[in-house]
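K.L.:
Provided below: coords_15.tsv, containing TSV, C-alpha atoms and all ligand atoms.
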chain	number	residue	atom	x	y	z
X	1	MET	CA	-8.17	-23.10	48.07
X	2	GLU	CA	-10.75	-20.91	49.82
X	3	PRO	CA	-9.72	-19.61	53.28
X	4	ILE	CA	-12.47	-21.58	55.05
X	5	ALA	CA	-11.49	-24.78	53.24
X	6	ILE	CA	-7.85	-24.23	54.11
X	7	GLU	CA	-8.59	-23.91	57.81
X	8	THR	CA	-10.25	-27.33	57.85
X	9	LYS	CA	-7.34	-29.09	56.14
X	10	THR	CA	-5.07	-31.45	58.05
X	11	PRO	CA	-1.30	-30.92	57.96
X	12	GLU	CA	-0.94	-33.92	55.66
X	13	GLU	CA	-3.54	-32.51	53.26
X	14	LEU	CA	-1.81	-29.15	53.21
X	15	LEU	CA	1.61	-30.68	52.58
X	16	THR	CA	0.20	-32.80	49.74
X	17	TRP	CA	-1.49	-29.75	48.26
X	18	ALA	CA	1.69	-27.66	48.56
X	19	GLY	CA	3.83	-30.34	46.94
X	20	GLY	CA	1.51	-30.43	43.91
X	21	GLU	CA	0.69	-26.73	43.72
X	22	PHE	CA	4.18	-25.25	43.72
X	23	LYS	CA	7.23	-26.08	41.64
X	24	ASN	CA	9.75	-25.31	44.37
X	25	VAL	CA	8.59	-25.59	47.95
X	26	GLY	CA	10.86	-26.00	50.97
X	27	LEU	CA	10.50	-26.60	54.68
X	28	ALA	CA	12.48	-24.21	56.87
X	29	SER	CA	13.67	-26.44	59.67
X	30	SER	CA	15.50	-25.76	62.90
X	31	PHE	CA	14.77	-29.38	63.92
X	32	GLY	CA	12.42	-28.40	66.73
X	33	LEU	CA	9.47	-30.63	67.63
X	34	GLU	CA	7.15	-29.14	65.01
X	35	ASP	CA	9.75	-29.35	62.26
X	36	MET	CA	10.42	-32.98	63.09
X	37	VAL	CA	6.68	-33.73	62.78
X	38	LEU	CA	6.61	-32.08	59.37
X	39	ILE	CA	9.78	-33.90	58.23
X	40	ASP	CA	8.20	-37.21	59.25
X	41	MET	CA	5.03	-36.34	57.32
X	42	ILE	CA	6.98	-35.24	54.23
X	43	HIS	CA	8.90	-38.50	54.32
X	44	LYS	CA	5.74	-40.61	54.69
X	45	LEU	CA	3.78	-38.69	52.06
X	46	LYS	CA	6.75	-38.64	49.66
X	47	VAL	CA	5.83	-35.11	48.64
X	48	PRO	CA	8.38	-33.04	46.70
X	49	ILE	CA	9.15	-30.61	49.54
X	50	SER	CA	12.82	-29.94	50.18
X	51	ILE	CA	14.30	-29.30	53.63
X	52	PHE	CA	16.64	-26.46	54.42
X	53	THR	CA	18.14	-25.06	57.58
X	54	LEU	CA	20.11	-22.03	58.71
X	55	ASP	CA	23.37	-22.71	60.50
X	56	THR	CA	23.96	-19.49	62.42
X	57	GLY	CA	27.31	-20.71	63.76
X	58	ARG	CA	25.91	-20.53	67.31
X	59	LEU	CA	23.78	-23.69	67.42
X	60	HIS	CA	23.85	-26.37	70.12
X	61	GLU	CA	25.84	-29.53	69.44
X	62	GLU	CA	22.58	-31.46	70.00
X	63	THR	CA	20.97	-29.61	67.09
X	64	TYR	CA	23.72	-30.74	64.71
X	65	GLN	CA	23.27	-34.30	65.96
X	66	THR	CA	19.52	-34.04	65.29
X	67	MET	CA	20.22	-32.79	61.78
X	68	GLU	CA	22.37	-35.85	61.17
X	69	ARG	CA	19.63	-38.11	62.52
X	70	VAL	CA	17.28	-36.68	59.90
X	71	ARG	CA	19.78	-37.58	57.19
X	72	SER	CA	20.30	-41.12	58.49
X	73	LYS	CA	16.71	-42.01	59.50
X	74	TYR	CA	14.84	-40.46	56.62
X	75	GLY	CA	17.53	-40.32	53.93
X	76	LEU	CA	16.43	-36.79	53.18
X	77	PRO	CA	19.01	-34.23	52.09
X	78	VAL	CA	19.19	-31.09	54.20
X	79	LYS	CA	20.36	-27.92	52.47
X	80	VAL	CA	22.35	-25.82	54.93
X	81	TYR	CA	22.67	-22.05	54.54
X	82	PHE	CA	25.42	-20.19	56.38
X	83	PRO	CA	25.68	-16.47	57.12
X	84	ASP	CA	27.81	-14.22	54.96
X	85	LYS	CA	31.32	-14.51	56.44
X	86	ASP	CA	32.23	-10.84	55.90
X	87	GLN	CA	29.18	-9.66	57.79
X	88	VAL	CA	29.83	-12.04	60.69
X	89	GLU	CA	33.50	-11.07	60.86
X	90	ASN	CA	32.66	-7.35	60.88
X	91	LEU	CA	29.98	-7.79	63.54
X	92	VAL	CA	32.25	-9.73	65.88
X	93	ARG	CA	35.23	-7.41	65.32
X	94	GLU	CA	33.16	-4.29	66.00
X	95	LYS	CA	30.82	-5.47	68.76
X	96	GLY	CA	32.17	-8.71	70.17
X	97	LEU	CA	30.58	-12.13	70.51
X	98	TYR	CA	27.67	-11.19	72.76
X	99	SER	CA	26.41	-7.87	71.37
X	100	PHE	CA	22.91	-9.37	71.19
X	101	LYS	CA	22.62	-9.15	74.97
X	102	GLU	CA	23.12	-5.38	74.99
X	103	SER	CA	19.94	-4.20	73.25
X	104	VAL	CA	17.00	-5.39	71.15
X	105	GLU	CA	18.54	-3.48	68.25
X	106	ASN	CA	21.83	-5.36	68.56
X	107	ARG	CA	20.00	-8.65	68.94
X	108	LYS	CA	18.02	-8.02	65.78
X	109	GLU	CA	21.24	-7.07	63.98
X	110	CYS	CA	22.78	-10.44	64.91
X	111	CYS	CA	19.59	-12.28	63.88
X	112	ARG	CA	19.51	-10.36	60.63
X	113	ILE	CA	23.08	-11.33	59.75
X	114	ARG	CA	23.00	-14.91	61.00
X	115	LYS	CA	19.40	-15.84	60.16
X	116	VAL	CA	17.39	-13.44	58.03
X	117	GLU	CA	19.92	-12.83	55.25
X	118	PRO	CA	20.60	-16.58	54.82
X	119	LEU	CA	16.85	-17.24	54.91
X	120	ASN	CA	16.25	-14.69	52.17
X	121	ARG	CA	18.87	-16.45	50.06
X	122	ALA	CA	17.18	-19.80	50.70
X	123	LEU	CA	13.76	-18.40	49.81
X	124	ALA	CA	15.01	-16.82	46.59
X	125	ASP	CA	14.94	-20.28	45.01
X	126	LEU	CA	11.41	-21.11	46.21
X	127	ASP	CA	7.81	-20.40	45.20
X	128	ALA	CA	6.48	-21.32	48.64
X	129	TRP	CA	7.86	-22.25	52.05
X	130	VAL	CA	6.60	-24.32	54.94
X	131	SER	CA	7.11	-23.54	58.61
X	132	GLY	CA	6.26	-25.32	61.85
X	133	MET	CA	4.76	-22.25	63.51
X	134	ARG	CA	1.76	-22.73	65.81
X	135	ARG	CA	-0.66	-20.07	67.02
X	136	GLU	CA	-0.38	-20.96	70.67
X	137	GLN	CA	3.43	-20.69	70.75
X	138	ASN	CA	3.68	-16.98	71.41
X	139	PRO	CA	1.60	-13.75	71.50
X	140	THR	CA	3.29	-12.82	68.21
X	141	ARG	CA	1.87	-15.92	66.48
X	142	THR	CA	-1.83	-15.93	67.34
X	143	GLU	CA	-2.88	-14.50	63.95
X	144	ILE	CA	-0.95	-16.80	61.62
X	145	GLN	CA	-2.91	-18.52	58.85
X	146	LYS	CA	-2.42	-22.02	57.50
X	147	VAL	CA	-1.71	-20.53	54.08
X	148	GLU	CA	-0.71	-16.90	53.85
X	149	LYS	CA	1.20	-14.42	51.75
X	150	ASP	CA	4.64	-13.61	53.08
X	151	ALA	CA	3.88	-9.94	52.51
X	152	PRO	CA	7.40	-8.47	52.85
X	153	ARG	CA	8.75	-11.22	50.58
X	154	ASP	CA	6.90	-10.42	47.38
X	155	GLY	CA	4.50	-13.04	46.18
X	156	LEU	CA	5.96	-15.86	48.23
X	157	VAL	CA	3.40	-18.20	49.77
X	158	LYS	CA	3.94	-19.42	53.32
X	159	ILE	CA	2.28	-22.57	54.62
X	160	ASN	CA	1.90	-23.25	58.34
X	161	PRO	CA	0.35	-26.75	58.41
X	162	LEU	CA	0.46	-26.98	62.23
X	163	ALA	CA	-0.98	-23.51	62.88
X	164	ASP	CA	-3.92	-24.82	64.91
X	165	TRP	CA	-2.15	-27.72	66.61
X	166	THR	CA	-1.58	-27.78	70.34
X	167	LEU	CA	1.69	-28.84	71.93
X	168	LYS	CA	-0.05	-32.04	73.05
X	169	GLN	CA	-0.96	-32.90	69.46
X	170	VAL	CA	2.66	-32.40	68.46
X	171	GLU	CA	3.91	-34.59	71.29
X	172	ASP	CA	1.29	-37.26	70.61
X	173	TYR	CA	2.29	-37.42	66.92
X	174	ILE	CA	5.96	-37.74	67.88
X	175	ALA	CA	5.25	-40.55	70.34
X	176	ALA	CA	2.91	-42.43	67.99
X	177	ASN	CA	5.31	-42.23	65.05
X	178	LYS	CA	8.60	-42.63	66.96
X	179	VAL	CA	9.91	-39.39	65.53
X	180	PRO	CA	13.48	-38.56	66.62
X	181	THR	CA	13.81	-35.30	68.52
X	182	ASN	CA	16.51	-32.96	69.73
X	183	PRO	CA	17.74	-34.34	73.12
X	184	LEU	CA	17.55	-30.81	74.54
X	185	HIS	CA	13.75	-31.15	74.71
X	186	GLU	CA	14.26	-33.69	77.51
X	187	ARG	CA	16.15	-31.01	79.40
X	188	ASN	CA	13.24	-28.54	79.33
X	189	PHE	CA	14.10	-26.71	76.13
X	190	PRO	CA	10.70	-26.69	74.35
X	191	SER	CA	11.88	-24.13	71.78
X	192	ILE	CA	15.48	-24.30	70.55
X	193	GLY	CA	17.42	-21.61	68.75
X	194	CYS	CA	21.01	-20.45	69.12
X	195	ALA	CA	22.83	-21.76	72.19
X	196	PRO	CA	23.56	-18.41	73.88
X	197	CYS	CA	19.98	-17.17	73.29
X	198	THR	CA	18.07	-20.22	74.53
X	199	ARG	CA	17.59	-21.46	78.09
X	200	PRO	CA	15.42	-24.19	79.63
X	201	VAL	CA	11.96	-23.12	80.84
X	202	GLU	CA	10.46	-23.54	84.30
X	203	PRO	CA	7.23	-25.55	84.82
X	204	GLY	CA	4.26	-23.40	83.76
X	205	GLU	CA	6.32	-21.01	81.67
X	206	ASP	CA	5.40	-20.23	78.06
X	207	VAL	CA	7.09	-22.54	75.51
X	208	ARG	CA	8.96	-19.58	74.03
X	209	ALA	CA	9.93	-18.17	77.43
X	210	GLY	CA	13.45	-19.57	77.05
X	211	ARG	CA	14.17	-17.62	73.85
X	212	TRP	CA	15.81	-14.20	74.40
X	213	TRP	CA	14.47	-14.41	77.94
X	214	TRP	CA	15.89	-11.00	78.82
X	215	GLU	CA	13.53	-9.27	76.34
X	216	ASN	CA	9.85	-8.25	76.40
X	217	PRO	CA	7.74	-11.15	74.91
X	218	ASP	CA	6.28	-8.78	72.29
X	219	HIS	CA	9.73	-8.48	70.66
X	220	LYS	CA	10.47	-12.18	70.55
X	221	GLU	CA	10.80	-12.79	66.85
X	222	CYS	CA	14.08	-12.98	65.01
X	223	GLY	CA	12.78	-11.57	61.72
X	224	LEU	CA	12.43	-14.95	60.03
X	225	HIS	CA	8.67	-14.91	60.31
X	226	ARG	CA	7.99	-11.19	60.71
X	227	PRO	CA	10.69	-9.40	58.73
J	301	LIG	S1	19.39	-16.11	68.21
J	301	LIG	FE1	21.08	-14.98	69.25
J	301	LIG	S2	23.04	-15.76	68.42
J	301	LIG	FE2	21.35	-16.49	67.11
J	301	LIG	S3	21.29	-15.05	65.46
J	301	LIG	FE3	19.80	-14.30	66.97
J	301	LIG	S4	20.90	-12.96	68.40
J	301	LIG	FE4	22.44	-14.05	67.14
Please rewrite the model in this file as structure tokens.
Ligand code: SF4
P.N.:
Amino acid sequence: MEPIAIETKTPEELLTWAGGEFKNVGLASSFGLEDMVLIDMIHKLKVPISIFTLDTGRLHEETYQTMERVRSKYGLPVKVYFPDKDQVENLVREKGLYSFKESVENRKECCRIRKVEPLNRALADLDAWVSGMRREQNPTRTEIQKVEKDAPRDGLVKINPLADWTLKQVEDYIAANKVPTNPLHERNFPSIGCAPCTRPVEPGEDVRAGRWWWENPDHKECGLHRP
């Protein structure tokens, strides 16, 4: 597809295209609002897009419950990737359980072990992957394209079907389609990651303000989307 044509495509059109274009395509899901929209669409469209998630070992109980709701409501299998146990054991033995609070470098080390390395293993089996990223989520995401090359991951195609959606569009889709959501959203967690690195946001705060809130917003990526 030409870049201009891609930009005009709806999420459903992009998911349908991706399911036909690539042999192995998977949705990376943390069961946030955007991921739940995409799961609902994949289910309705019956497109051959698998769902995988990264269990960092530090997730909220509510996130596990949401994962189980996906299995029961949609009947879709969820492939779970865990971090390498030796790396986690070494990290915790050497630096403790909260090293990520001490510096950006330490935080990125924890994200690399618990998220990026498992993601790279998940992506090794795929020709393309789908994410729920939106441009308005964070200053680090304003340039994302609906279909782009995942440059550091050679040749892999990344599809962001909701790139131009607003939060209101996401919420409207969820309400109209009765999509189950993580109960933490009702407690002012618009963006949900690991439990110790996520807090609720105040009215008027950015949707990603509750992620690694002790850091400068320009650093707020875990390496999944900008390795
Ligand atoms: S979000 Fe926090 S706990 Fe989770 S992998 Fe990153 S630094 Fe570690």
K.L.:
Using only C-alpha atoms and all ligand atoms, which of X:Leu38, X:Ala28, X:Ile192, X:Leu162 sits nearest ligand LIG 301 (chain J)?
P.N.:
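The closest residue to ligand LIG 301 (chain J) is X:Ile192.
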K.L.:
Could the residues of chain X that have an atom at most 9 Å from ligand LIG 301 (chain J) be listed as JSON lines, each with its closest atom pair and the distance in Å to one decimal, counting all atoms listed in the file and ordered by chain and ascending residue number?
P.N.:
{"residue": "X:Thr56", "atom": "CA", "partner": "J:LIG301", "partner_atom": "S3", "distance": 6.0}
{"residue": "X:Gly57", "atom": "CA", "partner": "J:LIG301", "partner_atom": "S2", "distance": 8.0}
{"residue": "X:Arg58", "atom": "CA", "partner": "J:LIG301", "partner_atom": "S2", "distance": 5.7}
{"residue": "X:Leu59", "atom": "CA", "partner": "J:LIG301", "partner_atom": "FE2", "distance": 7.6}
{"residue": "X:Leu97", "atom": "CA", "partner": "J:LIG301", "partner_atom": "S2", "distance": 8.6}
{"residue": "X:Tyr98", "atom": "CA", "partner": "J:LIG301", "partner_atom": "S2", "distance": 7.8}
{"residue": "X:Ser99", "atom": "CA", "partner": "J:LIG301", "partner_atom": "S4", "distance": 8.1}
{"residue": "X:Phe100", "atom": "CA", "partner": "J:LIG301", "partner_atom": "S4", "distance": 5.0}
{"residue": "X:Lys101", "atom": "CA", "partner": "J:LIG301", "partner_atom": "S4", "distance": 7.8}
{"residue": "X:Val104", "atom": "CA", "partner": "J:LIG301", "partner_atom": "S4", "distance": 8.9}
{"residue": "X:Asn106", "atom": "CA", "partner": "J:LIG301", "partner_atom": "S4", "distance": 7.7}
{"residue": "X:Arg107", "atom": "CA", "partner": "J:LIG301", "partner_atom": "S4", "distance": 4.4}
{"residue": "X:Lys108", "atom": "CA", "partner": "J:LIG301", "partner_atom": "S4", "distance": 6.3}
{"residue": "X:Glu109", "atom": "CA", "partner": "J:LIG301", "partner_atom": "S4", "distance": 7.4}
{"residue": "X:Cys110", "atom": "CA", "partner": "J:LIG301", "partner_atom": "FE4", "distance": 4.3}
{"residue": "X:Cys111", "atom": "CA", "partner": "J:LIG301", "partner_atom": "S3", "distance": 3.6}
{"residue": "X:Arg112", "atom": "CA", "partner": "J:LIG301", "partner_atom": "S3", "distance": 7.0}
{"residue": "X:Ile113", "atom": "CA", "partner": "J:LIG301", "partner_atom": "S3", "distance": 7.0}
{"residue": "X:Arg114", "atom": "CA", "partner": "J:LIG301", "partner_atom": "S3", "distance": 4.8}
{"residue": "X:Lys115", "atom": "CA", "partner": "J:LIG301", "partner_atom": "S3", "distance": 5.7}
{"residue": "X:Val116", "atom": "CA", "partner": "J:LIG301", "partner_atom": "S3", "distance": 8.5}
{"residue": "X:Gly193", "atom": "CA", "partner": "J:LIG301", "partner_atom": "S1", "distance": 5.9}
{"residue": "X:Cys194", "atom": "CA", "partner": "J:LIG301", "partner_atom": "FE2", "distance": 4.5}
{"residue": "X:Ala195", "atom": "CA", "partner": "J:LIG301", "partner_atom": "S2", "distance": 7.1}
{"residue": "X:Pro196", "atom": "CA", "partner": "J:LIG301", "partner_atom": "S2", "distance": 6.1}
{"residue": "X:Cys197", "atom": "CA", "partner": "J:LIG301", "partner_atom": "FE1", "distance": 4.7}
{"residue": "X:Thr198", "atom": "CA", "partner": "J:LIG301", "partner_atom": "S1", "distance": 7.7}
{"residue": "X:Arg211", "atom": "CA", "partner": "J:LIG301", "partner_atom": "S1", "distance": 7.8}
{"residue": "X:Trp212", "atom": "CA", "partner": "J:LIG301", "partner_atom": "S1", "distance": 7.4}
{"residue": "X:Cys222", "atom": "CA", "partner": "J:LIG301", "partner_atom": "FE3", "distance": 6.2}
K.L.:
I'd like the neighbourhood of X:Glu117 as a PDB file with C-alpha atoms, keeping the file's coordinate frame, where a residue qualifies if any of its atoms comes within 12 Å (using all atoms listed in the file), though same-chain residues fewer than 6 positions away should be ignored.
P.N.:
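What follows is the written file selection28.pdb:
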ATOM      1  CA  LEU X  54      20.110 -22.030  58.710  1.00  0.00           C
ATOM      2  CA  ASP X  55      23.370 -22.710  60.500  1.00  0.00           C
ATOM      3  CA  THR X  56      23.960 -19.490  62.420  1.00  0.00           C
ATOM      4  CA  TYR X  81      22.670 -22.050  54.540  1.00  0.00           C
ATOM      5  CA  PHE X  82      25.420 -20.190  56.380  1.00  0.00           C
ATOM      6  CA  PRO X  83      25.680 -16.470  57.120  1.00  0.00           C
ATOM      7  CA  ASP X  84      27.810 -14.220  54.960  1.00  0.00           C
ATOM      8  CA  LYS X  85      31.320 -14.510  56.440  1.00  0.00           C
ATOM      9  CA  GLN X  87      29.180  -9.660  57.790  1.00  0.00           C
ATOM     10  CA  VAL X  88      29.830 -12.040  60.690  1.00  0.00           C
ATOM     11  CA  LYS X 108      18.020  -8.020  65.780  1.00  0.00           C
ATOM     12  CA  GLU X 109      21.240  -7.070  63.980  1.00  0.00           C
ATOM     13  CA  CYS X 110      22.780 -10.440  64.910  1.00  0.00           C
ATOM     14  CA  CYS X 111      19.590 -12.280  63.880  1.00  0.00           C
ATOM     15  CA  LEU X 123      13.760 -18.400  49.810  1.00  0.00           C
ATOM     16  CA  ALA X 124      15.010 -16.820  46.590  1.00  0.00           C
ATOM     17  CA  CYS X 222      14.080 -12.980  65.010  1.00  0.00           C
ATOM     18  CA  GLY X 223      12.780 -11.570  61.720  1.00  0.00           C
ATOM     19  CA  LEU X 224      12.430 -14.950  60.030  1.00  0.00           C
ATOM     20  CA  PRO X 227      10.690  -9.400  58.730  1.00  0.00           C
TER      21      PRO X 227
END
K.L.:
Mind running stretch 113-184 of chain X against stretch 39-48 of chain X at 12 Å and telling me each contacting residue's nearest atom pair with the distance in Å (one decimal), counting all atoms listed in the file, chain and number ascending, as a tab-separated table?
P.N.:
residue	atom	partner	partner_atom	distance
X:Val130	CA	X:Ile39	CA	10.6
X:Ser131	CA	X:Ile39	CA	10.7
X:Gly132	CA	X:Ile39	CA	10.0
X:Pro161	CA	X:Met41	CA	10.7
X:Leu162	CA	X:Met41	CA	11.5
X:Val170	CA	X:Asp40	CA	11.8
X:Tyr173	CA	X:Asp40	CA	9.7
X:Ile174	CA	X:Asp40	CA	8.9
X:Ala175	CA	X:Asp40	CA	12.0
X:Ala176	CA	X:Asp40	CA	11.5
X:Asn177	CA	X:Asp40	CA	8.2
X:Lys178	CA	X:Asp40	CA	9.4
X:Val179	CA	X:Asp40	CA	6.9
X:Pro180	CA	X:Asp40	CA	9.2
X:Thr181	CA	X:Asp40	CA	11.0
K.L.:
Calculated over all atoms listed in the file, which of the candidates X:Glu102, X:Glu68, X:Asp127, X:Asp35 has the smallest distance to X:Trp214?
P.N.:
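Between X:Glu102, X:Glu68, X:Asp127, X:Asp35, the residue approaching X:Trp214 most closely is X:Glu102.
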K.L.:
Would you mind reading off the distance between atom CA of X:Pro203 and atom CA of X:Leu167, one decimal, in Å?
P.N.:
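Atom CA of X:Leu167 lies at a distance of 14.4 Å from atom CA of X:Pro203.
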K.L.:
Residues within 7 Å of stretch 134-146 of chain X, please, as a ChimeraX atom specification. Count all atoms listed in the file; anything in the same chain fewer than 5 positions from it doesn't count.
P.N.:
/X:6-7,159-166,207-208,218
K.L.:
Those selected residues, please, written with C-alpha atoms and delivered as a PDB file, in the coordinates of the input.
P.N.:
ATOM      1  CA  ILE X   6      -7.850 -24.230  54.110  1.00  0.00           C
ATOM      2  CA  GLU X   7      -8.590 -23.910  57.810  1.00  0.00           C
ATOM      3  CA  ILE X 159       2.280 -22.570  54.620  1.00  0.00           C
ATOM      4  CA  ASN X 160       1.900 -23.250  58.340  1.00  0.00           C
ATOM      5  CA  PRO X 161       0.350 -26.750  58.410  1.00  0.00           C
ATOM      6  CA  LEU X 162       0.460 -26.980  62.230  1.00  0.00           C
ATOM      7  CA  ALA X 163      -0.980 -23.510  62.880  1.00  0.00           C
ATOM      8  CA  ASP X 164      -3.920 -24.820  64.910  1.00  0.00           C
ATOM      9  CA  TRP X 165      -2.150 -27.720  66.610  1.00  0.00           C
ATOM     10  CA  THR X 166      -1.580 -27.780  70.340  1.00  0.00           C
ATOM     11  CA  VAL X 207       7.090 -22.540  75.510  1.00  0.00           C
ATOM     12  CA  ARG X 208       8.960 -19.580  74.030  1.00  0.00           C
ATOM     13  CA  ASP X 218       6.280  -8.780  72.290  1.00  0.00           C
TER      14      ASP X 218
END
K.L.:
Restricting the calculation to only C-alpha atoms: of X:Pro118, X:Pro200, X:Gly26, X:Gly210, which residue gets closest to X:Leu184?
P.N.:
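Between X:Pro118, X:Pro200, X:Gly26, X:Gly210, the residue approaching X:Leu184 most closely is X:Pro200.
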K.L.:
Which of these, X:Glu21, X:Asp86, X:Asp206, X:Pro152, has the shortest distance to X:Pro190 once you count all atoms listed in the file?
P.N.:
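Smallest distance to X:Pro190 is found for X:Asp206.
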K.L.:
Check the smallest atom-to-atom distance from each of X:Leu33, X:Asn120, X:Met67, X:Ser191 to X:Asp172 using all atoms listed in the file, then report the winner.
P.N.:
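Closest to X:Asp172, using all atoms listed in the file: X:Leu33.
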K.L.:
What is the atom CA of X:Asn188 to atom CA of X:Glu202 distance in Å?
P.N.:
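Interatomic distance, atom CA of X:Asn188 to atom CA of X:Glu202: 7.6 Å.
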K.L.:
Separation of atom CA of X:Asp154 and atom CA of X:Leu119, in Å?
P.N.:
14.2 Å
K.L.:
Do you know which residues are at most 8 Å from stretch 49-53 of chain X counting only C-alpha atoms, after dropping those on the same chain fewer than 3 positions away, and could you put them as a PyMOL selection string?
P.N.:
chain X and resi 19+24-30+39+42+76-81+122
K.L.:
From the list X:Ala151, X:Ala128, X:Met133, X:Val157, which residue is nearest X:Lys23 when using all atoms listed in the file?
P.N.:
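Comparing X:Ala151, X:Ala128, X:Met133, X:Val157 against X:Lys23, the winner is X:Ala128.
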